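Source file: coords36.csv (CSV, N, CA and C atoms)
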chain,number,residue,atom,x,y,z
A,1,MET,N,0.8,-1.2,0.0
A,1,MET,CA,0.0,0.0,0.0
A,1,MET,C,0.9,1.3,0.0
A,2,ARG,N,0.4,2.3,-0.7
A,2,ARG,CA,1.2,3.5,-0.9
A,2,ARG,C,0.9,4.4,0.3
A,3,SER,N,1.9,5.3,0.6
A,3,SER,CA,1.7,6.2,1.7
A,3,SER,C,0.9,7.4,1.2
A,4,ALA,N,0.2,8.0,2.1
A,4,ALA,CA,-0.7,9.2,1.7
A,4,ALA,C,0.1,10.5,1.7
A,5,CYS,N,1.3,10.5,2.1
A,5,CYS,CA,2.1,11.8,2.1
A,5,CYS,C,2.6,12.1,0.7
A,6,ARG,N,2.3,13.3,0.3
A,6,ARG,CA,2.8,13.7,-1.0
A,6,ARG,C,3.5,15.0,-0.9
A,7,GLY,N,4.4,15.4,-1.7
A,7,GLY,CA,5.1,16.7,-1.7
A,7,GLY,C,4.6,17.6,-2.8
A,8,PHE,N,5.2,18.7,-2.9
A,8,PHE,CA,4.8,19.7,-4.0
A,8,PHE,C,5.4,19.3,-5.3
A,9,SER,N,4.8,19.6,-6.4
A,9,SER,CA,5.3,19.2,-7.7
A,9,SER,C,6.3,20.3,-8.1
A,10,LEU,N,7.1,20.1,-9.0
A,10,LEU,CA,8.1,21.0,-9.5
A,10,LEU,C,7.5,22.3,-10.0
A,11,LEU,N,6.4,22.2,-10.7
A,11,LEU,CA,5.7,23.4,-11.2
A,11,LEU,C,5.2,24.3,-10.0
A,12,GLU,N,4.7,23.7,-9.0
A,12,GLU,CA,4.2,24.5,-7.8
A,12,GLU,C,5.4,25.2,-7.2
A,13,VAL,N,6.5,24.6,-7.1
A,13,VAL,CA,7.7,25.2,-6.5
A,13,VAL,C,8.2,26.3,-7.3
A,14,LEU,N,8.2,26.2,-8.6
A,14,LEU,CA,8.6,27.3,-9.5
A,14,LEU,C,7.7,28.4,-9.5
A,15,VAL,N,6.4,28.2,-9.4
A,15,VAL,CA,5.4,29.3,-9.3
A,15,VAL,C,5.6,30.0,-8.0
A,16,ALA,N,5.9,29.3,-6.9
A,16,ALA,CA,6.1,30.0,-5.6
A,16,ALA,C,7.3,30.8,-5.7
A,17,PHE,N,8.4,30.4,-6.3
A,17,PHE,CA,9.6,31.2,-6.4
A,17,PHE,C,9.4,32.4,-7.3
A,18,VAL,N,8.6,32.3,-8.3
A,18,VAL,CA,8.4,33.5,-9.2
A,18,VAL,C,7.6,34.5,-8.4
A,19,ILE,N,6.6,34.1,-7.6
A,19,ILE,CA,5.8,35.0,-6.8
A,19,ILE,C,6.7,35.7,-5.7
A,20,LEU,N,7.5,34.9,-5.1
A,20,LEU,CA,8.4,35.4,-4.1
A,20,LEU,C,9.4,36.4,-4.7
A,21,SER,N,10.0,36.1,-5.9
A,21,SER,CA,10.9,37.1,-6.5
A,21,SER,C,10.2,38.4,-6.9
A,22,LEU,N,9.0,38.3,-7.4
A,22,LEU,CA,8.2,39.5,-7.7
A,22,LEU,C,8.0,40.4,-6.5
A,23,ALA,N,7.6,39.7,-5.4
A,23,ALA,CA,7.3,40.4,-4.2
A,23,ALA,C,8.5,41.1,-3.6
A,24,LEU,N,9.7,40.4,-3.7
A,24,LEU,CA,10.9,40.9,-3.2
A,24,LEU,C,11.4,42.1,-4.0
A,25,SER,N,11.2,42.0,-5.3
A,25,SER,CA,11.7,43.1,-6.2
A,25,SER,C,10.8,44.4,-5.9
A,26,VAL,N,9.5,44.2,-5.7
A,26,VAL,CA,8.7,45.4,-5.3
A,26,VAL,C,9.1,45.9,-4.0
A,27,LEU,N,9.4,45.1,-3.0
A,27,LEU,CA,9.8,45.6,-1.7
A,27,LEU,C,11.1,46.3,-1.8
A,28,MET,N,12.1,45.8,-2.6
A,28,MET,CA,13.4,46.5,-2.8
A,28,MET,C,13.2,47.9,-3.4
A,29,GLN,N,12.3,48.0,-4.4
A,29,GLN,CA,12.1,49.3,-5.0
A,29,GLN,C,11.5,50.3,-4.0
A,30,ILE,N,10.6,49.8,-3.2
A,30,ILE,CA,10.0,50.7,-2.2
A,30,ILE,C,11.0,51.1,-1.2
A,31,PHE,N,11.9,50.2,-0.8
A,31,PHE,CA,12.9,50.5,0.2
A,31,PHE,C,13.9,51.5,-0.4
A,32,SER,N,14.4,51.3,-1.7
A,32,SER,CA,15.3,52.2,-2.3
A,32,SER,C,14.7,53.6,-2.5
A,33,GLY,N,13.4,53.6,-2.9
A,33,GLY,CA,12.8,54.9,-3.0
A,33,GLY,C,12.7,55.7,-1.7
A,34,GLY,N,12.4,55.0,-0.6
A,34,GLY,CA,12.4,55.6,0.7
A,34,GLY,C,13.8,56.1,1.1
A,35,THR,N,14.8,55.4,0.8
A,35,THR,CA,16.2,55.8,1.1
A,35,THR,C,16.5,57.0,0.3
A,36,ARG,N,16.2,57.0,-1.0
A,36,ARG,CA,16.4,58.2,-1.9
A,36,ARG,C,15.7,59.4,-1.4
A,37,ASN,N,14.5,59.3,-1.0
A,37,ASN,CA,13.7,60.4,-0.4
A,37,ASN,C,14.3,60.9,0.9
A,38,ALA,N,14.8,60.0,1.7
A,38,ALA,CA,15.4,60.5,3.0
A,38,ALA,C,16.7,61.3,2.7
A,39,ALA,N,17.5,60.8,1.7
A,39,ALA,CA,18.7,61.5,1.4
A,39,ALA,C,18.3,62.9,0.8
A,40,LEU,N,17.3,63.0,0.0
A,40,LEU,CA,16.9,64.3,-0.6
A,40,LEU,C,16.4,65.2,0.5
A,41,ALA,N,15.6,64.7,1.5
A,41,ALA,CA,15.2,65.5,2.6
A,41,ALA,C,16.3,66.0,3.4
A,42,ASN,N,17.4,65.2,3.6
A,42,ASN,CA,18.6,65.7,4.3
A,42,ASN,C,19.3,66.8,3.5
A,43,ASP,N,19.3,66.7,2.2
A,43,ASP,CA,20.0,67.7,1.4
A,43,ASP,C,19.2,69.0,1.5
A,44,TYR,N,17.9,69.0,1.4
A,44,TYR,CA,17.0,70.2,1.6
A,44,TYR,C,17.2,70.8,3.0
A,45,SER,N,17.3,70.0,4.0
A,45,SER,CA,17.5,70.5,5.3
A,45,SER,C,18.8,71.2,5.5
A,46,ARG,N,19.9,70.6,4.9
A,46,ARG,CA,21.2,71.3,4.9
A,46,ARG,C,21.2,72.6,4.1
A,47,ALA,N,20.5,72.6,3.0
A,47,ALA,CA,20.4,73.8,2.2
A,47,ALA,C,19.7,74.9,2.9
A,48,VAL,N,18.6,74.6,3.5
A,48,VAL,CA,17.8,75.6,4.3
A,48,VAL,C,18.6,76.1,5.4
A,49,LEU,N,19.3,75.3,6.1
A,49,LEU,CA,20.2,75.7,7.2
A,49,LEU,C,21.3,76.7,6.7
A,50,LEU,N,21.9,76.3,5.6
A,50,LEU,CA,22.9,77.2,5.0
A,50,LEU,C,22.3,78.5,4.6
A,51,ALA,N,21.1,78.5,4.0
A,51,ALA,CA,20.5,79.8,3.6
A,51,ALA,C,20.1,80.6,4.8
A,52,GLU,N,19.6,80.0,5.8
A,52,GLU,CA,19.3,80.8,7.0
A,52,GLU,C,20.5,81.4,7.7
A,53,THR,N,21.6,80.6,7.6
A,53,THR,CA,22.9,81.1,8.2
A,53,THR,C,23.4,82.3,7.4
A,54,LYS,N,23.3,82.3,6.1
A,54,LYS,CA,23.7,83.4,5.3
A,54,LYS,C,22.8,84.6,5.5
A,55,LEU,N,21.5,84.4,5.6
A,55,LEU,CA,20.6,85.5,5.9
A,55,LEU,C,20.9,86.2,7.3
A,56,ALA,N,21.2,85.3,8.2
A,56,ALA,CA,21.5,85.8,9.6
A,56,ALA,C,22.8,86.6,9.6
A,57,ALA,N,23.7,86.3,8.7
A,57,ALA,CA,25.0,86.9,8.7
A,57,ALA,C,25.0,88.3,7.9
A,58,ALA,N,23.9,88.5,7.1
A,58,ALA,CA,23.8,89.7,6.3
A,58,ALA,C,23.7,90.9,7.3
A,59,GLY,N,24.5,91.8,7.1
A,59,GLY,CA,24.5,93.0,8.0
A,59,GLY,C,25.5,92.9,9.2
A,60,ILE,N,25.9,91.7,9.5
A,60,ILE,CA,26.8,91.4,10.6
A,60,ILE,C,28.2,91.0,10.0
A,61,GLU,N,28.3,89.9,9.4
A,61,GLU,CA,29.5,89.5,8.8
A,61,GLU,C,29.7,90.0,7.4
A,62,THR,N,28.6,90.1,6.6
A,62,THR,CA,28.6,90.7,5.3
A,62,THR,C,27.9,92.0,5.3
A,63,PRO,N,28.6,93.1,4.9
A,63,PRO,CA,28.0,94.4,5.0
A,63,PRO,C,26.8,94.5,4.0
A,64,LEU,N,25.8,95.3,4.4
A,64,LEU,CA,24.6,95.5,3.5
A,64,LEU,C,25.0,96.5,2.5
A,65,GLN,N,25.1,96.1,1.3
A,65,GLN,CA,25.3,97.0,0.1
A,65,GLN,C,24.8,96.3,-1.1
A,66,ASP,N,24.4,97.1,-2.1
A,66,ASP,CA,23.9,96.5,-3.4
A,66,ASP,C,25.0,95.6,-4.0
A,67,GLY,N,24.5,94.4,-4.4
A,67,GLY,CA,25.4,93.5,-5.0
A,67,GLY,C,25.2,92.0,-4.6
A,68,VAL,N,26.0,91.1,-5.1
A,68,VAL,CA,25.9,89.7,-4.9
A,68,VAL,C,27.2,89.2,-4.3
A,69,VAL,N,27.1,88.4,-3.3
A,69,VAL,CA,28.2,87.7,-2.7
A,69,VAL,C,27.9,86.2,-2.9
A,70,ALA,N,29.0,85.4,-3.3
A,70,ALA,CA,28.8,84.0,-3.6
A,70,ALA,C,29.9,83.2,-3.0
A,71,GLY,N,29.6,81.9,-2.8
A,71,GLY,CA,30.6,81.0,-2.3
A,71,GLY,C,30.1,79.6,-2.4
A,72,SER,N,30.9,78.6,-1.8
A,72,SER,CA,30.5,77.2,-1.8
A,72,SER,C,31.0,76.6,-0.6
A,73,THR,N,30.3,75.5,-0.2
A,73,THR,CA,30.7,74.7,0.9
A,73,THR,C,30.9,73.3,0.5
A,74,ASP,N,31.9,72.7,0.9
A,74,ASP,CA,32.3,71.2,0.6
A,74,ASP,C,32.1,70.8,-0.8
A,75,GLU,N,32.3,71.7,-1.8
A,75,GLU,CA,32.2,71.3,-3.2
A,75,GLU,C,30.8,70.8,-3.7
A,76,ARG,N,29.9,70.9,-2.8
A,76,ARG,CA,28.5,70.4,-3.2
A,76,ARG,C,27.5,71.5,-3.2
A,77,PHE,N,27.4,72.3,-2.2
A,77,PHE,CA,26.5,73.3,-2.1
A,77,PHE,C,27.1,74.6,-2.5
A,78,HIS,N,26.4,75.4,-3.4
A,78,HIS,CA,26.9,76.7,-3.8
A,78,HIS,C,25.8,77.7,-3.4
A,79,TRP,N,26.3,78.8,-2.8
A,79,TRP,CA,25.3,79.8,-2.3
A,79,TRP,C,25.5,81.2,-2.9
A,80,GLN,N,24.5,82.0,-2.9
A,80,GLN,CA,24.5,83.4,-3.4
A,80,GLN,C,23.7,84.2,-2.4
A,81,LEU,N,24.3,85.3,-2.1
A,81,LEU,CA,23.5,86.3,-1.2
A,81,LEU,C,23.4,87.6,-2.0
A,82,ALA,N,22.2,87.9,-2.5
A,82,ALA,CA,21.9,89.1,-3.3
A,82,ALA,C,21.3,90.1,-2.4
A,83,MET,N,21.9,91.3,-2.4
A,83,MET,CA,21.3,92.4,-1.6
A,83,MET,C,21.0,93.6,-2.5
A,84,ARG,N,19.8,94.2,-2.2
A,84,ARG,CA,19.4,95.3,-3.1
A,84,ARG,C,18.7,96.3,-2.2
A,85,MET,N,19.1,97.6,-2.2
A,85,MET,CA,18.5,98.6,-1.4
A,85,MET,C,17.2,99.0,-2.1
A,86,LEU,N,16.1,99.0,-1.3
A,86,LEU,CA,14.8,99.4,-1.8
A,86,LEU,C,14.7,100.9,-1.8
A,87,PRO,N,13.9,101.5,-2.7
A,87,PRO,CA,13.8,102.9,-2.8
A,87,PRO,C,13.0,103.4,-1.5
A,88,ALA,N,13.3,104.5,-1.0
A,88,ALA,CA,12.7,105.1,0.2
A,88,ALA,C,11.3,105.6,-0.2
A,89,ALA,N,10.4,105.6,0.7
A,89,ALA,CA,9.1,106.1,0.5
A,89,ALA,C,9.1,107.6,0.2
A,90,ALA,N,8.3,108.1,-0.6
A,90,ALA,CA,8.3,109.5,-1.0
A,90,ALA,C,7.9,110.4,0.2
A,91,ASP,N,7.1,110.0,1.1
A,91,ASP,CA,6.7,110.8,2.2
A,91,ASP,C,7.5,110.7,3.4
A,92,ALA,N,8.6,109.9,3.4
A,92,ALA,CA,9.5,109.7,4.5
A,92,ALA,C,10.7,110.6,4.4
A,93,PRO,N,10.8,111.6,5.3
A,93,PRO,CA,11.9,112.5,5.2
A,93,PRO,C,13.2,111.8,5.7
A,94,ALA,N,14.3,112.0,5.0
A,94,ALA,CA,15.5,111.3,5.2
A,94,ALA,C,16.1,111.7,6.6
A,95,ALA,N,15.8,113.0,7.1
A,95,ALA,CA,16.4,113.4,8.3
A,95,ALA,C,15.7,112.6,9.5
A,96,LEU,N,14.5,112.3,9.4
A,96,LEU,CA,13.8,111.5,10.4
A,96,LEU,C,14.1,110.0,10.4
A,97,MET,N,14.4,109.5,9.2
A,97,MET,CA,14.7,108.1,9.1
A,97,MET,C,15.9,107.9,8.3
A,98,PRO,N,17.1,108.1,9.0
A,98,PRO,CA,18.4,107.9,8.3
A,98,PRO,C,18.8,106.5,8.1
A,99,VAL,N,17.8,105.6,7.7
A,99,VAL,CA,18.1,104.2,7.5
A,99,VAL,C,17.6,103.8,6.1
A,100,GLY,N,18.2,102.8,5.6
A,100,GLY,CA,17.7,102.2,4.3
A,100,GLY,C,17.2,100.8,4.5
A,101,LEU,N,16.3,100.4,3.7
A,101,LEU,CA,15.7,99.1,3.7
A,101,LEU,C,16.3,98.2,2.6
A,102,PHE,N,16.9,97.1,2.9
A,102,PHE,CA,17.5,96.2,2.0
A,102,PHE,C,16.7,94.9,1.8
A,103,ASP,N,16.5,94.5,0.6
A,103,ASP,CA,16.0,93.2,0.2
A,103,ASP,C,17.1,92.2,0.1
A,104,VAL,N,17.1,91.2,1.0
A,104,VAL,CA,18.3,90.2,1.0
A,104,VAL,C,17.7,88.9,0.6
A,105,GLU,N,18.3,88.3,-0.4
A,105,GLU,CA,17.9,87.0,-0.9
A,105,GLU,C,19.0,86.0,-0.8
A,106,ALA,N,18.8,84.8,-0.2
A,106,ALA,CA,19.8,83.8,-0.1
A,106,ALA,C,19.4,82.6,-1.0
A,107,ARG,N,20.3,82.2,-1.9
A,107,ARG,CA,20.0,81.0,-2.7
A,107,ARG,C,21.1,80.0,-2.5
A,108,VAL,N,20.6,78.7,-2.3
A,108,VAL,CA,21.6,77.6,-2.2
A,108,VAL,C,21.2,76.6,-3.3
A,109,MET,N,22.3,76.3,-4.1
A,109,MET,CA,22.1,75.4,-5.2
A,109,MET,C,23.0,74.1,-5.0
A,110,TRP,N,22.5,73.0,-5.5
A,110,TRP,CA,23.3,71.8,-5.5
A,110,TRP,C,22.8,70.8,-6.6
A,111,GLU,N,23.6,69.9,-7.0
A,111,GLU,CA,23.2,68.9,-8.0
A,111,GLU,C,22.9,67.6,-7.3
A,112,ASP,N,21.8,67.0,-7.7
A,112,ASP,CA,21.4,65.7,-7.1
A,112,ASP,C,21.0,64.7,-8.3
A,113,GLY,N,21.9,63.9,-8.6
A,113,GLY,CA,21.7,62.9,-9.6
A,113,GLY,C,21.5,63.5,-11.0
A,114,GLY,N,22.2,64.5,-11.3
A,114,GLY,CA,22.1,65.2,-12.6
A,114,GLY,C,21.0,66.2,-12.6
A,115,LYS,N,20.2,66.4,-11.5
A,115,LYS,CA,19.2,67.4,-11.4
A,115,LYS,C,19.6,68.6,-10.6
A,116,GLU,N,19.4,69.8,-11.1
A,116,GLU,CA,19.8,71.0,-10.3
A,116,GLU,C,18.7,71.3,-9.3
A,117,ARG,N,19.1,71.4,-8.0
A,117,ARG,CA,18.1,71.7,-7.0
A,117,ARG,C,18.5,73.1,-6.4
A,118,MET,N,17.5,73.8,-5.8
A,118,MET,CA,17.7,75.1,-5.3
A,118,MET,C,16.7,75.4,-4.2
A,119,VAL,N,17.2,76.1,-3.2
A,119,VAL,CA,16.4,76.7,-2.1
A,119,VAL,C,16.6,78.2,-2.1
A,120,LYS,N,15.5,78.9,-2.0
A,120,LYS,CA,15.6,80.4,-2.0
A,120,LYS,C,14.9,80.9,-0.8
A,121,LEU,N,15.5,81.8,0.0
A,121,LEU,CA,14.9,82.5,1.2
A,121,LEU,C,15.1,84.0,1.0
A,122,ASP,N,14.1,84.7,1.4
A,122,ASP,CA,14.2,86.2,1.3
A,122,ASP,C,13.9,86.8,2.7
A,123,THR,N,14.5,88.0,2.9
A,123,THR,CA,14.2,88.8,4.1
A,123,THR,C,14.5,90.2,3.8
A,124,MET,N,14.2,91.1,4.7
A,124,MET,CA,14.5,92.5,4.6
A,124,MET,C,15.3,92.9,5.8
A,125,ARG,N,16.3,93.8,5.6
A,125,ARG,CA,17.1,94.3,6.7
A,125,ARG,C,17.2,95.8,6.6
A,126,ILE,N,17.3,96.4,7.8
A,126,ILE,CA,17.5,97.8,7.9
A,126,ILE,C,18.9,98.1,8.2
A,127,ALA,N,19.5,99.2,7.5
A,127,ALA,CA,20.9,99.6,7.7
A,127,ALA,C,20.9,101.1,7.7
A,128,PRO,N,21.8,101.7,8.5
A,128,PRO,CA,22.0,103.1,8.5
A,128,PRO,C,22.5,103.6,7.2
A,129,LEU,N,22.0,104.8,6.7
A,129,LEU,CA,22.4,105.3,5.4
A,129,LEU,C,23.8,105.8,5.4
A,130,ASN,N,24.3,106.2,6.5
A,130,ASN,CA,25.7,106.7,6.6
A,130,ASN,C,26.7,105.6,7.0
A,131,ALA,N,26.3,104.4,6.8
A,131,ALA,CA,27.2,103.2,7.1
A,131,ALA,C,28.3,103.2,6.1
A,132,PRO,N,29.5,102.7,6.5
A,132,PRO,CA,30.6,102.6,5.6
A,132,PRO,C,30.4,101.6,4.6
When written as structure tokens, how does the structure in this file appear?
Amino acid sequence: MRSACRGFSLLEVLVAFVILSLALSVLMQIFSGGTRNAALANDYSRAVLLAETKLAAAGIETPLQDGVVAGSTDERFHWQLAMRMLPAAADAPAALMPVGLFDVEARVMWEDGGKERMVKLDTMRIAPLNAP
């Protein structure tokens, strides 16, 4: 008499391996996409921090004057600090308000996988008109 125990056929095992490989490939794509997004979020955080630092330094380390100051950090992030004096209001006498208003814009650029990325932050600063 034959035993009632039977195993899987070769076809069933091959179908199970195909399903397993498809599921694993989808999971690996999801995992690599999450890792890529985490790295991009880290780059944006570093760029925003650098732009905020440059805006905070405007008027302290970098004198407020019309023009553009540029530089780079660690060969990856390039920054520009553009300053422009805004015209005074027509009804504001210069003797009462001997200050000027500057529009300060910080841009941080970097390349990510062949794609150019950029963060731009703006603020306004007040500076004395008779400043050197």
| field | Interatomic distance (Å, one decimal) between atom C of A:Asp112 and atom C of A:Leu55 | value |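 Interatomic distance, atom C of A:Asp112 to atom C of A:Leu55: 26.6 Å.
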| query | Which one is closest to A:Phe77: A:Lys120, A:Lys54, A:Asn37, A:Val108? Count all atoms listed in the file. | reply | A:Val108
| request: List the neighbours of A:Trp79 out to 5 Å using all atoms listed in the file; skip same-chain residues closer than 3 positions along the sequence, and give me the result as a list of chain:residue names. | output: A:Ala70, A:Gly71, A:Ser72, A:Arg107, A:Val108, A:Met109
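The shortest atom-to-atom distance to A:Glu52, with only N, CA and C atoms taken into account, belongs to A:Leu121 out of A:Val18, A:Ala127, A:Leu121, A:Met83.
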| Can you tell me how far atom CA of A:Trp110 sits from atom CA of A:Tyr44, in Å to one decimal? | 9.6 Å
| request: Once DSSP has gone over the backbone, tell me which residues of stretch 6-131 of chain A are in helix (DSSP H, G or I), as JSON, numbers by chain. | output: {"A": [10, 11, 12, 13, 14, 15, 16, 17, 18, 19, 20, 21, 22, 23, 24, 25, 26, 27, 28, 29, 30, 31, 32, 33, 34, 35, 36, 37, 38, 39, 40, 41, 42, 43, 44, 45, 46, 47, 48, 49, 50, 51, 52, 53, 54, 55, 56, 57]}
| message | Using Å and a single decimal, report how far atom C of A:Ala39 sits from atom N of A:Glu111. | response | 11.7 Å
| request: Write out as a PyMOL selection string all residues of chain A that DSSP puts in strand (DSSP E or B) for this structure's backbone. | output: chain A and resi 58+62+67-73+77-85+99-112+115-128
| task | Select, from A:Gly113, A:Gly100, A:Gly34, A:Gly7, the residue with the minimum atom-to-atom distance to A:Leu86, counting all atoms listed in the file. | result |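 The shortest atom-to-atom distance to A:Leu86 comes from A:Gly100.
For A:Asp122, the residues within 6.5 Å (counting all atoms listed in the file, excluding itself and residues fewer than 6 positions away along the chain) are Val104, Glu105 and Ala106 of chain A.
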